[in-house]
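Raw structure19.csv, CSV, C-alpha atoms:
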chain,number,residue,atom,x,y,z
A,1,MET,CA,12.1,-23.0,8.5
A,2,ARG,CA,9.2,-22.7,11.0
A,3,LEU,CA,5.8,-23.5,9.6
A,4,LEU,CA,3.0,-22.4,11.8
A,5,ALA,CA,-0.7,-23.1,11.5
A,6,SER,CA,-1.6,-19.7,13.0
A,7,THR,CA,0.2,-16.8,14.6
A,8,GLY,CA,-0.3,-13.2,15.4
A,9,SER,CA,2.3,-12.0,13.0
A,10,THR,CA,5.2,-13.8,11.2
A,11,ASN,CA,7.2,-10.6,11.6
A,12,THR,CA,6.7,-10.7,15.4
A,13,GLU,CA,7.7,-14.4,15.5
A,14,ALA,CA,10.8,-13.8,13.3
A,15,ALA,CA,11.9,-10.8,15.3
A,16,ALA,CA,11.7,-12.8,18.5
A,17,ALA,CA,13.7,-15.6,16.9
A,18,ALA,CA,16.3,-13.0,15.7
A,19,ARG,CA,16.7,-11.5,19.2
A,20,SER,CA,17.2,-15.0,20.5
A,21,GLY,CA,20.1,-15.5,18.1
A,22,ALA,CA,18.4,-17.1,15.1
A,23,ALA,CA,20.8,-17.3,12.1
A,24,ALA,CA,20.5,-15.3,8.9
A,25,GLY,CA,18.1,-17.0,6.5
A,26,THR,CA,15.7,-18.2,9.2
A,27,VAL,CA,12.2,-18.3,7.8
A,28,VAL,CA,8.9,-18.1,9.7
A,29,ALA,CA,5.7,-18.9,7.6
A,30,ALA,CA,2.1,-19.2,8.7
A,31,ASP,CA,-1.1,-20.5,7.3
A,32,HIS,CA,-3.0,-17.7,9.0
A,33,GLN,CA,-2.2,-14.5,10.8
A,34,ALA,CA,-4.5,-13.2,13.5
A,35,ALA,CA,-2.7,-9.8,13.8
A,36,GLY,CA,-0.9,-9.3,10.5
A,37,ARG,CA,0.6,-5.9,10.0
A,38,GLY,CA,1.5,-3.6,7.1
A,39,ARG,CA,3.1,-0.2,7.0
A,40,LEU,CA,1.9,2.5,9.4
A,41,ASP,CA,0.5,-0.3,11.6
A,42,ARG,CA,-2.2,-1.1,9.2
A,43,ARG,CA,-3.8,-4.6,9.5
A,44,TRP,CA,-3.2,-7.3,7.0
A,45,ASP,CA,-6.1,-9.7,7.0
A,46,SER,CA,-6.8,-12.8,4.9
A,47,PRO,CA,-8.8,-16.0,5.5
A,48,PRO,CA,-6.9,-19.1,6.6
A,49,SER,CA,-5.2,-21.1,3.9
A,50,SER,CA,-5.6,-18.4,1.3
A,51,GLY,CA,-2.3,-16.4,1.3
A,52,LEU,CA,1.4,-16.7,1.4
A,53,LEU,CA,2.6,-15.2,4.7
A,54,PHE,CA,6.3,-15.4,5.7
A,55,SER,CA,9.2,-13.5,7.2
A,56,VAL,CA,12.9,-13.9,6.7
A,57,VAL,CA,15.7,-12.9,9.1
A,58,VAL,CA,18.8,-11.3,7.7
A,59,ARG,CA,21.8,-9.9,9.5
A,60,PRO,CA,23.1,-7.0,7.5
A,61,ALA,CA,26.4,-6.3,9.4
A,62,GLY,CA,28.1,-3.4,7.7
A,63,LEU,CA,25.0,-2.1,6.0
A,64,PRO,CA,25.4,1.7,5.7
A,65,ALA,CA,22.6,3.7,7.2
A,66,ARG,CA,21.6,5.1,3.9
A,67,ALA,CA,21.1,1.6,2.4
A,68,TRP,CA,18.5,0.4,4.9
A,69,SER,CA,15.8,1.9,2.8
A,70,TRP,CA,16.6,-0.6,0.0
A,71,LEU,CA,15.5,-3.6,2.1
A,72,PRO,CA,11.8,-3.4,1.2
A,73,LEU,CA,12.7,-2.6,-2.4
A,74,LEU,CA,15.0,-5.6,-2.7
A,75,THR,CA,12.3,-7.8,-1.1
A,76,GLY,CA,9.8,-6.6,-3.7
A,77,VAL,CA,12.1,-7.2,-6.7
A,78,ALA,CA,13.0,-10.7,-5.5
A,79,VAL,CA,9.5,-11.9,-4.6
A,80,ALA,CA,7.9,-10.4,-7.7
A,81,ALA,CA,10.4,-12.2,-9.9
A,82,ALA,CA,9.7,-15.5,-8.1
A,83,VAL,CA,5.9,-15.2,-8.4
A,84,ARG,CA,6.2,-14.3,-12.1
A,85,ALA,CA,8.4,-17.3,-12.7
A,86,GLU,CA,6.0,-19.7,-10.9
A,87,THR,CA,2.7,-18.4,-12.1
A,88,ALA,CA,3.3,-16.4,-15.3
A,89,VAL,CA,1.3,-13.6,-13.7
A,90,ASP,CA,2.9,-10.2,-14.6
A,91,VAL,CA,3.5,-9.0,-11.1
A,92,GLY,CA,5.0,-5.5,-10.7
A,93,LEU,CA,5.9,-3.1,-7.9
A,94,LYS,CA,4.2,0.0,-6.5
A,95,TRP,CA,6.7,2.2,-4.6
A,96,PRO,CA,7.6,1.6,-1.9
A,97,ASN,CA,6.3,-1.8,-0.8
A,98,ASP,CA,3.3,-3.2,-2.7
A,99,LEU,CA,3.1,-6.1,-5.2
A,100,VAL,CA,0.6,-5.2,-7.9
A,101,VAL,CA,-1.1,-6.7,-10.9
A,102,GLU,CA,-2.9,-4.8,-13.7
A,103,GLN,CA,-6.6,-5.8,-14.0
A,104,ASP,CA,-9.4,-3.9,-15.7
A,105,GLY,CA,-7.1,-1.0,-16.4
A,106,GLN,CA,-6.1,-0.6,-12.7
A,107,GLN,CA,-3.1,-1.5,-10.6
A,108,ARG,CA,-4.6,-3.8,-8.0
A,109,LYS,CA,-2.7,-4.8,-4.8
A,110,LEU,CA,-1.6,-8.4,-4.8
A,111,GLY,CA,0.6,-8.2,-1.7
A,112,GLY,CA,2.6,-6.1,0.7
A,113,ILE,CA,6.0,-6.0,2.3
A,114,LEU,CA,7.0,-4.9,5.8
A,115,CYS,CA,10.7,-4.7,6.7
A,116,GLU,CA,11.7,-4.0,10.3
A,117,ALA,CA,15.1,-3.3,11.6
A,118,LEU,CA,16.3,-4.8,14.9
A,119,PRO,CA,19.2,-2.8,16.3
A,120,ALA,CA,21.6,-4.4,18.7
A,121,PRO,CA,24.6,-3.2,20.9
A,122,GLU,CA,27.0,-5.3,18.8
A,123,PRO,CA,27.2,-4.6,15.1
A,124,GLU,CA,27.4,-8.3,14.2
A,125,ALA,CA,24.1,-8.9,16.1
A,126,VAL,CA,22.1,-6.3,14.1
A,127,ALA,CA,19.2,-8.0,12.3
A,128,ALA,CA,16.2,-7.2,10.1
A,129,VAL,CA,13.0,-9.0,9.4
A,130,LEU,CA,11.7,-9.0,5.8
A,131,GLY,CA,8.0,-9.7,5.9
A,132,VAL,CA,5.8,-10.6,2.9
A,133,GLY,CA,2.1,-11.2,2.5
A,134,ILE,CA,0.5,-12.3,-0.8
A,135,ASN,CA,-3.1,-13.0,-1.7
A,136,VAL,CA,-3.0,-16.4,-3.4
A,137,ASP,CA,-6.5,-18.1,-3.4
A,138,LEU,CA,-8.8,-15.3,-2.3
A,139,ARG,CA,-12.1,-15.1,-4.1
A,140,ALA,CA,-13.6,-11.7,-5.0
A,141,ASP,CA,-15.9,-11.7,-2.0
A,142,GLU,CA,-12.9,-12.3,0.3
A,143,LEU,CA,-10.8,-9.4,-0.8
A,144,PRO,CA,-10.1,-6.9,2.1
A,145,VAL,CA,-10.6,-3.9,-0.2
A,146,PRO,CA,-12.0,-3.5,-3.7
A,147,ALA,CA,-8.6,-2.4,-5.1
A,148,ALA,CA,-7.0,-5.7,-4.0
A,149,THR,CA,-6.7,-8.9,-6.0
A,150,SER,CA,-5.2,-12.4,-5.7
A,151,LEU,CA,-3.2,-14.7,-7.9
A,152,VAL,CA,-6.2,-16.8,-8.7
A,153,LEU,CA,-8.2,-13.8,-9.7
A,154,ALA,CA,-5.3,-12.6,-11.8
A,155,GLY,CA,-5.4,-15.8,-13.8
A,156,ALA,CA,-2.8,-18.0,-12.1
A,157,SER,CA,-3.4,-21.7,-12.2
A,158,PRO,CA,-3.7,-23.3,-8.7
A,159,LEU,CA,-0.3,-24.3,-7.3
A,160,PRO,CA,0.8,-25.5,-3.9
A,161,ARG,CA,1.6,-22.6,-1.6
A,162,GLU,CA,4.7,-24.5,-0.4
A,163,GLN,CA,6.1,-24.4,-3.9
A,164,LEU,CA,5.5,-20.7,-4.1
A,165,LEU,CA,7.0,-20.2,-0.7
A,166,ALA,CA,10.2,-22.1,-1.5
A,167,ALA,CA,10.6,-20.1,-4.8
A,168,ALA,CA,10.1,-16.8,-3.1
A,169,VAL,CA,12.5,-17.4,-0.2
A,170,ALA,CA,15.2,-18.7,-2.5
A,171,SER,CA,14.8,-15.7,-4.8
A,172,LEU,CA,14.9,-13.3,-1.8
A,173,LEU,CA,18.0,-14.9,-0.2
A,174,THR,CA,19.8,-14.9,-3.6
A,175,ALA,CA,19.0,-11.3,-4.3
A,176,TYR,CA,20.1,-10.3,-0.8
A,177,GLU,CA,23.4,-12.2,-1.1
A,178,GLN,CA,24.1,-10.5,-4.5
A,179,TRP,CA,23.5,-7.1,-2.9
A,180,ALA,CA,25.7,-7.9,0.1
A,181,ALA,CA,28.5,-9.2,-2.2
A,182,HIS,CA,28.5,-5.7,-3.8
A,183,ASP,CA,28.8,-3.9,-0.4
A,184,PHE,CA,25.1,-3.2,-0.4
A,185,ASP,CA,25.4,-0.9,-3.4
A,186,ALA,CA,22.1,-1.0,-5.3
A,187,GLN,CA,23.7,0.2,-8.5
A,188,ALA,CA,26.7,-2.0,-8.6
A,189,SER,CA,24.6,-5.1,-7.8
A,190,GLY,CA,22.0,-4.4,-10.4
A,191,LEU,CA,19.3,-3.9,-7.9
A,192,HIS,CA,18.6,-0.3,-8.9
A,193,ASP,CA,18.0,-1.2,-12.5
A,194,GLU,CA,15.9,-4.3,-11.6
A,195,TYR,CA,13.6,-2.2,-9.4
A,196,LEU,CA,13.2,0.4,-12.2
A,197,ALA,CA,12.2,-2.4,-14.6
A,198,ALA,CA,9.6,-3.8,-12.3
A,199,CYS,CA,8.2,-0.6,-10.9
A,200,ARG,CA,4.7,0.4,-12.1
A,201,THR,CA,4.9,3.8,-10.3
A,202,LEU,CA,7.5,5.3,-12.7
A,203,GLY,CA,6.0,7.5,-15.4
A,204,VAL,CA,2.7,7.7,-13.6
A,205,LEU,CA,0.9,10.8,-12.3
A,206,VAL,CA,0.8,10.3,-8.5
A,207,GLU,CA,-0.3,11.9,-5.3
A,208,VAL,CA,2.0,11.3,-2.3
A,209,SER,CA,0.9,11.7,1.3
A,210,ARG,CA,4.0,12.6,3.3
A,211,PRO,CA,4.7,12.7,7.0
A,212,ALA,CA,4.7,16.3,8.2
A,213,ALA,CA,4.4,17.7,4.7
A,214,PRO,CA,1.5,18.7,2.5
A,215,PRO,CA,0.3,16.2,-0.2
A,216,LEU,CA,2.4,16.2,-3.3
A,217,ARG,CA,1.1,15.8,-6.9
A,218,GLY,CA,3.3,15.2,-9.9
A,219,ARG,CA,4.8,12.5,-12.1
A,220,ALA,CA,7.1,9.8,-10.7
A,221,VAL,CA,10.3,10.0,-12.8
A,222,GLY,CA,12.9,7.8,-11.0
A,223,LEU,CA,14.7,6.6,-7.9
A,224,ASP,CA,17.7,8.2,-6.3
A,225,ARG,CA,20.7,6.3,-5.0
A,226,ASP,CA,18.9,5.7,-1.6
A,227,GLY,CA,15.8,4.3,-3.2
A,228,SER,CA,13.7,7.5,-2.6
A,229,LEU,CA,11.1,8.3,-5.2
A,230,LEU,CA,11.7,11.3,-7.5
A,231,VAL,CA,8.6,13.2,-8.4
A,232,ASP,CA,8.5,16.0,-11.0
A,233,SER,CA,6.0,18.5,-9.6
A,234,ALA,CA,5.5,21.9,-11.3
A,235,GLY,CA,8.9,21.6,-12.9
A,236,SER,CA,10.8,20.8,-9.8
A,237,THR,CA,12.1,17.4,-8.8
A,238,VAL,CA,11.0,16.5,-5.2
A,239,VAL,CA,12.8,13.6,-3.4
A,240,VAL,CA,10.3,11.5,-1.4
A,241,ALA,CA,11.9,9.2,1.1
A,242,ALA,CA,8.7,8.1,2.8
A,243,GLY,CA,5.0,8.4,1.9
A,244,ASP,CA,1.9,6.8,0.7
A,245,VAL,CA,1.5,6.9,-3.1
A,246,VAL,CA,-1.7,6.9,-5.1
A,247,HIS,CA,-1.6,6.3,-8.8
A,248,LEU,CA,-3.8,8.9,-10.5
A,249,ARG,CA,-5.5,8.5,-13.9
A,250,ALA,CA,-4.2,10.8,-16.6
A,251,ASP,CA,-6.5,13.6,-17.6

For this file, produce the structure as structure tokens.
Amino acid sequence: MRLLASTGSTNTEAAAAARSGAAAGTVVAADHQAAGRGRLDRRWDSPPSSGLLFSVVVRPAGLPARAWSWLPLLTGVAVAAAVRAETAVDVGLKWPNDLVVEQDGQQRKLGGILCEALPAPEPEAVAAVLGVGINVDLRADELPVPAATSLVLAGASPLPREQLLAAAVASLLTAYEQWAAHDFDAQASGLHDEYLAACRTLGVLVEVSRPAAPPLRGRAVGLDRDGSLLVDSAGSTVVVAAGDVVHLRAD
């Protein structure tokens, strides 16, 4: 494990290590990120010493193309479980890559996940970086957006971030190994059911912004075999493989 005082992005550091031959299970963690990234190249900002910021290298040789989309979902399931166990905060998942906590009747963002594939000429050299950012000690006036929260604001007792990091990494690697042992089959490994149990998007009225498609409104009703979101819109089930989801209040 590499522990850095500051870096541009733990994902960038981990990707460079993977390209240089770093083994599966290599972890890069930082006290601060100067150029943290989320999905769609959004910035992930947090003050120094206030968050859990880490990336893990995996080498999914033999991973079918259709199963790559499960990497961020698996990461969310594993990290949320670890945080719940360590803090007793009821952390859930917002499809596809947010860790959320309910506060004041709203699902507030606690953290995010960014998984990046690193193709290689040889199948055995293919790698992926699983990046996680969690707000741990941020005060209300430090939150990046009003809809965010932190573990402290959600009622968690202070605990060493090193302890939370160790638990999250262990949970993530165990979940990944379980998935791989079942030939990356989300249903056979139990991952599909675990995600459904933790997902706060299911059953909710949502609006989905999709690439090259008009916005979609409907009720999230499930996940398909590839981890895509199933949305019931005007009586038809629409498969959403990628998009930004907003939870809507019921009328």

Polymer residues at most 12 Å from Ala213 of chain A, all atoms listed in the file, same-chain spacing of 5 or more positions, as an MDAnalysis selection string: chainID A and resid 208 238 240:244

Selected residue, from A:Leu196, A:Ala29, A:Val145, A:Leu130, that lies nearest to Ser228 of chain A when counting all atoms listed in the file: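 For Ser228 of chain A, the nearest of the given residues is A:Leu196.
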
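As for atom CA of Ala81 of chain A and atom CA of Ser171 of chain A, they are spaced 7.6 Å apart.
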
A:Val221, A:Ala14, A:Val57, A:Leu110 ranked by distance to Gly235 of chain A, top pick (using only C-alpha atoms): A:Val221

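With atom CA of Val28 of chain A on one side and atom CA of Leu99 of chain A on the other, the separation reads 20.0 Å.
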
Atom pair atom CA of Ala5 of chain A / atom CA of Arg161 of chain A: separation (Å):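 These atoms are spaced 13.3 Å apart.
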
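Of the listed residues A:Pro121, A:Gly51, A:Pro211, A:Gly222, the one whose atoms come nearest to Ser150 of chain A is A:Gly51, with distances taken using all atoms listed in the file.
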
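Distances to Leu3 of chain A were evaluated for A:Asp104, A:Glu162, A:Glu207, A:Asp141 using all atoms listed in the file, and the minimum falls at A:Glu162.
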
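Minimum atom-to-atom distance to Ala23 of chain A, evaluated using only C-alpha atoms, belongs to A:Glu124 out of A:Asp90, A:Asp224, A:Asp193, A:Glu124.
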
Residue contacts of segment 152-156 of chain A (10 Å, all atoms listed in the file) excluding same-chain residues fewer than 6 positions away, as a PDB file with C-alpha atoms, keeping the file's coordinate frame:
ATOM      1  CA  VAL A  83       5.900 -15.200  -8.400  1.00  0.00           C
ATOM      2  CA  ARG A  84       6.200 -14.300 -12.100  1.00  0.00           C
ATOM      3  CA  GLU A  86       6.000 -19.700 -10.900  1.00  0.00           C
ATOM      4  CA  THR A  87       2.700 -18.400 -12.100  1.00  0.00           C
ATOM      5  CA  ALA A  88       3.300 -16.400 -15.300  1.00  0.00           C
ATOM      6  CA  VAL A  89       1.300 -13.600 -13.700  1.00  0.00           C
ATOM      7  CA  ASP A  90       2.900 -10.200 -14.600  1.00  0.00           C
ATOM      8  CA  VAL A  91       3.500  -9.000 -11.100  1.00  0.00           C
ATOM      9  CA  VAL A 101      -1.100  -6.700 -10.900  1.00  0.00           C
ATOM     10  CA  GLU A 102      -2.900  -4.800 -13.700  1.00  0.00           C
ATOM     11  CA  GLN A 103      -6.600  -5.800 -14.000  1.00  0.00           C
ATOM     12  CA  ARG A 108      -4.600  -3.800  -8.000  1.00  0.00           C
ATOM     13  CA  LEU A 110      -1.600  -8.400  -4.800  1.00  0.00           C
ATOM     14  CA  ASN A 135      -3.100 -13.000  -1.700  1.00  0.00           C
ATOM     15  CA  VAL A 136      -3.000 -16.400  -3.400  1.00  0.00           C
ATOM     16  CA  ASP A 137      -6.500 -18.100  -3.400  1.00  0.00           C
ATOM     17  CA  LEU A 138      -8.800 -15.300  -2.300  1.00  0.00           C
ATOM     18  CA  ARG A 139     -12.100 -15.100  -4.100  1.00  0.00           C
ATOM     19  CA  ALA A 140     -13.600 -11.700  -5.000  1.00  0.00           C
TER      20      ALA A 140
END

Pick from A:Leu93, A:Ile113, A:Leu191, A:Ala181 nearest to Pro60 of chain A, counting all atoms listed in the file: A:Ala181

Contacts of Arg2 of chain A at 12 Å (only C-alpha atoms; same-chain gap of 2+ positions) as a PyMOL selection string: chain A and resi 4-7+10+13-14+17+22+25-31+53-57

Segment 200-203 of chain A environment, 10 Å, all atoms listed in the file, sequence neighbours closer than 6 positions dropped, as a list in words: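 That gives Val91, Gly92, Leu93, Lys94, Trp95, Pro96, Leu99, Val100, Val101, Glu102, Gln107, Gly218, Arg219, Ala220, Val221, Gly222, Leu223, Leu229, Leu230, Val231, Asp232, Val245, Val246 and His247 of chain A.
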
Same residues, C-alpha atoms, output as a PDB file, in the coordinates of the input:
ATOM      1  CA  VAL A  91       3.500  -9.000 -11.100  1.00  0.00           C
ATOM      2  CA  GLY A  92       5.000  -5.500 -10.700  1.00  0.00           C
ATOM      3  CA  LEU A  93       5.900  -3.100  -7.900  1.00  0.00           C
ATOM      4  CA  LYS A  94       4.200   0.000  -6.500  1.00  0.00           C
ATOM      5  CA  TRP A  95       6.700   2.200  -4.600  1.00  0.00           C
ATOM      6  CA  PRO A  96       7.600   1.600  -1.900  1.00  0.00           C
ATOM      7  CA  LEU A  99       3.100  -6.100  -5.200  1.00  0.00           C
ATOM      8  CA  VAL A 100       0.600  -5.200  -7.900  1.00  0.00           C
ATOM      9  CA  VAL A 101      -1.100  -6.700 -10.900  1.00  0.00           C
ATOM     10  CA  GLU A 102      -2.900  -4.800 -13.700  1.00  0.00           C
ATOM     11  CA  GLN A 107      -3.100  -1.500 -10.600  1.00  0.00           C
ATOM     12  CA  GLY A 218       3.300  15.200  -9.900  1.00  0.00           C
ATOM     13  CA  ARG A 219       4.800  12.500 -12.100  1.00  0.00           C
ATOM     14  CA  ALA A 220       7.100   9.800 -10.700  1.00  0.00           C
ATOM     15  CA  VAL A 221      10.300  10.000 -12.800  1.00  0.00           C
ATOM     16  CA  GLY A 222      12.900   7.800 -11.000  1.00  0.00           C
ATOM     17  CA  LEU A 223      14.700   6.600  -7.900  1.00  0.00           C
ATOM     18  CA  LEU A 229      11.100   8.300  -5.200  1.00  0.00           C
ATOM     19  CA  LEU A 230      11.700  11.300  -7.500  1.00  0.00           C
ATOM     20  CA  VAL A 231       8.600  13.200  -8.400  1.00  0.00           C
ATOM     21  CA  ASP A 232       8.500  16.000 -11.000  1.00  0.00           C
ATOM     22  CA  VAL A 245       1.500   6.900  -3.100  1.00  0.00           C
ATOM     23  CA  VAL A 246      -1.700   6.900  -5.100  1.00  0.00           C
ATOM     24  CA  HIS A 247      -1.600   6.300  -8.800  1.00  0.00           C
TER      25      HIS A 247
END

Non-local contacts of Arg225 of chain A (10 Å; all atoms listed in the file; under 5 positions in same chain excluded) as a list in words: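 The neighbour list is Arg66, Ala67, Trp70, Asp185, Ala186, Gln187 and His192 of chain A.
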
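Residues lying at most 9 Å from (13.0, -8.7, 9.7) in file coordinates, with all atoms listed in the file considered, are Asn11, Thr12, Ala14, Ala15, Ala18, Ser55, Val56, Val57, Val58, Arg59, Leu114, Cys115, Glu116, Ala117, Leu118, Ala127, Ala128, Val129, Leu130 and Gly131 of chain A.
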
Could you model N, CA, C and O atoms for segment 52-74 of chain A and present them as a short mmCIF file (atom, residue, chain, number, x, y, z; two decimals), keeping the file's coordinate frame?
data_model
loop_
_atom_site.label_atom_id
_atom_site.label_comp_id
_atom_site.auth_asym_id
_atom_site.auth_seq_id
_atom_site.Cartn_x
_atom_site.Cartn_y
_atom_site.Cartn_z
N LEU A 52 0.03 -16.34 1.10
CA LEU A 52 1.40 -16.70 1.40
C LEU A 52 1.93 -15.67 2.38
O LEU A 52 2.01 -14.48 2.08
N LEU A 53 2.25 -16.11 3.58
CA LEU A 53 2.60 -15.20 4.70
C LEU A 53 3.92 -15.71 5.28
O LEU A 53 3.98 -16.80 5.87
N PHE A 54 4.98 -14.92 5.14
CA PHE A 54 6.30 -15.40 5.70
C PHE A 54 7.17 -14.19 5.97
O PHE A 54 6.99 -13.08 5.46
N SER A 55 8.15 -14.46 6.82
CA SER A 55 9.20 -13.50 7.20
C SER A 55 10.52 -14.14 7.22
O SER A 55 10.65 -15.30 7.63
N VAL A 56 11.53 -13.39 6.79
CA VAL A 56 12.90 -13.90 6.70
C VAL A 56 13.82 -13.03 7.53
O VAL A 56 13.75 -11.79 7.45
N VAL A 57 14.68 -13.66 8.31
CA VAL A 57 15.70 -12.90 9.10
C VAL A 57 16.94 -12.75 8.27
O VAL A 57 17.43 -13.70 7.66
N VAL A 58 17.45 -11.51 8.24
CA VAL A 58 18.80 -11.30 7.70
C VAL A 58 19.60 -10.51 8.69
O VAL A 58 19.05 -9.87 9.59
N ARG A 59 20.90 -10.61 8.55
CA ARG A 59 21.80 -9.90 9.50
C ARG A 59 22.79 -9.08 8.70
O ARG A 59 23.89 -9.51 8.36
N PRO A 60 22.36 -7.85 8.39
CA PRO A 60 23.10 -7.00 7.50
C PRO A 60 24.26 -6.23 8.19
O PRO A 60 24.29 -4.99 8.22
N ALA A 61 25.21 -6.96 8.79
CA ALA A 61 26.40 -6.30 9.40
C ALA A 61 27.11 -5.50 8.35
O ALA A 61 27.38 -5.99 7.26
N GLY A 62 27.41 -4.26 8.67
CA GLY A 62 28.10 -3.40 7.70
C GLY A 62 27.23 -2.67 6.76
O GLY A 62 27.72 -1.95 5.89
N LEU A 63 25.92 -2.83 6.89
CA LEU A 63 25.00 -2.10 6.00
C LEU A 63 25.01 -0.63 6.33
O LEU A 63 24.69 -0.24 7.45
N PRO A 64 25.38 0.23 5.37
CA PRO A 64 25.40 1.70 5.70
C PRO A 64 23.96 2.16 5.98
O PRO A 64 22.97 1.63 5.47
N ALA A 65 23.88 3.18 6.82
CA ALA A 65 22.60 3.70 7.20
C ALA A 65 21.73 4.08 6.04
O ALA A 65 20.51 3.83 6.00
N ARG A 66 22.32 4.67 5.01
CA ARG A 66 21.60 5.10 3.90
C ARG A 66 21.01 3.99 3.02
O ARG A 66 20.12 4.19 2.18
N ALA A 67 21.55 2.78 3.20
CA ALA A 67 21.10 1.60 2.40
C ALA A 67 19.99 0.84 2.99
O ALA A 67 19.41 -0.01 2.31
N TRP A 68 19.63 1.10 4.25
CA TRP A 68 18.50 0.40 4.90
C TRP A 68 17.24 0.49 4.10
O TRP A 68 16.42 -0.42 4.05
N SER A 69 17.03 1.65 3.48
CA SER A 69 15.80 1.90 2.80
C SER A 69 15.63 0.97 1.55
O SER A 69 14.53 0.86 0.98
N TRP A 70 16.72 0.31 1.14
CA TRP A 70 16.60 -0.60 0.00
C TRP A 70 16.07 -1.97 0.39
O TRP A 70 15.72 -2.76 -0.50
N LEU A 71 16.00 -2.28 1.67
CA LEU A 71 15.50 -3.60 2.10
C LEU A 71 14.13 -3.94 1.53
O LEU A 71 13.93 -5.01 0.94
N PRO A 72 13.12 -3.08 1.72
CA PRO A 72 11.80 -3.40 1.20
C PRO A 72 11.80 -3.44 -0.36
O PRO A 72 11.06 -4.22 -0.97
N LEU A 73 12.61 -2.60 -0.99
CA LEU A 73 12.70 -2.60 -2.40
C LEU A 73 13.28 -3.86 -2.99
O LEU A 73 12.80 -4.46 -3.95
N LEU A 74 14.37 -4.30 -2.35
CA LEU A 74 15.00 -5.60 -2.70
C LEU A 74 14.02 -6.73 -2.53
O LEU A 74 13.91 -7.62 -3.39
#
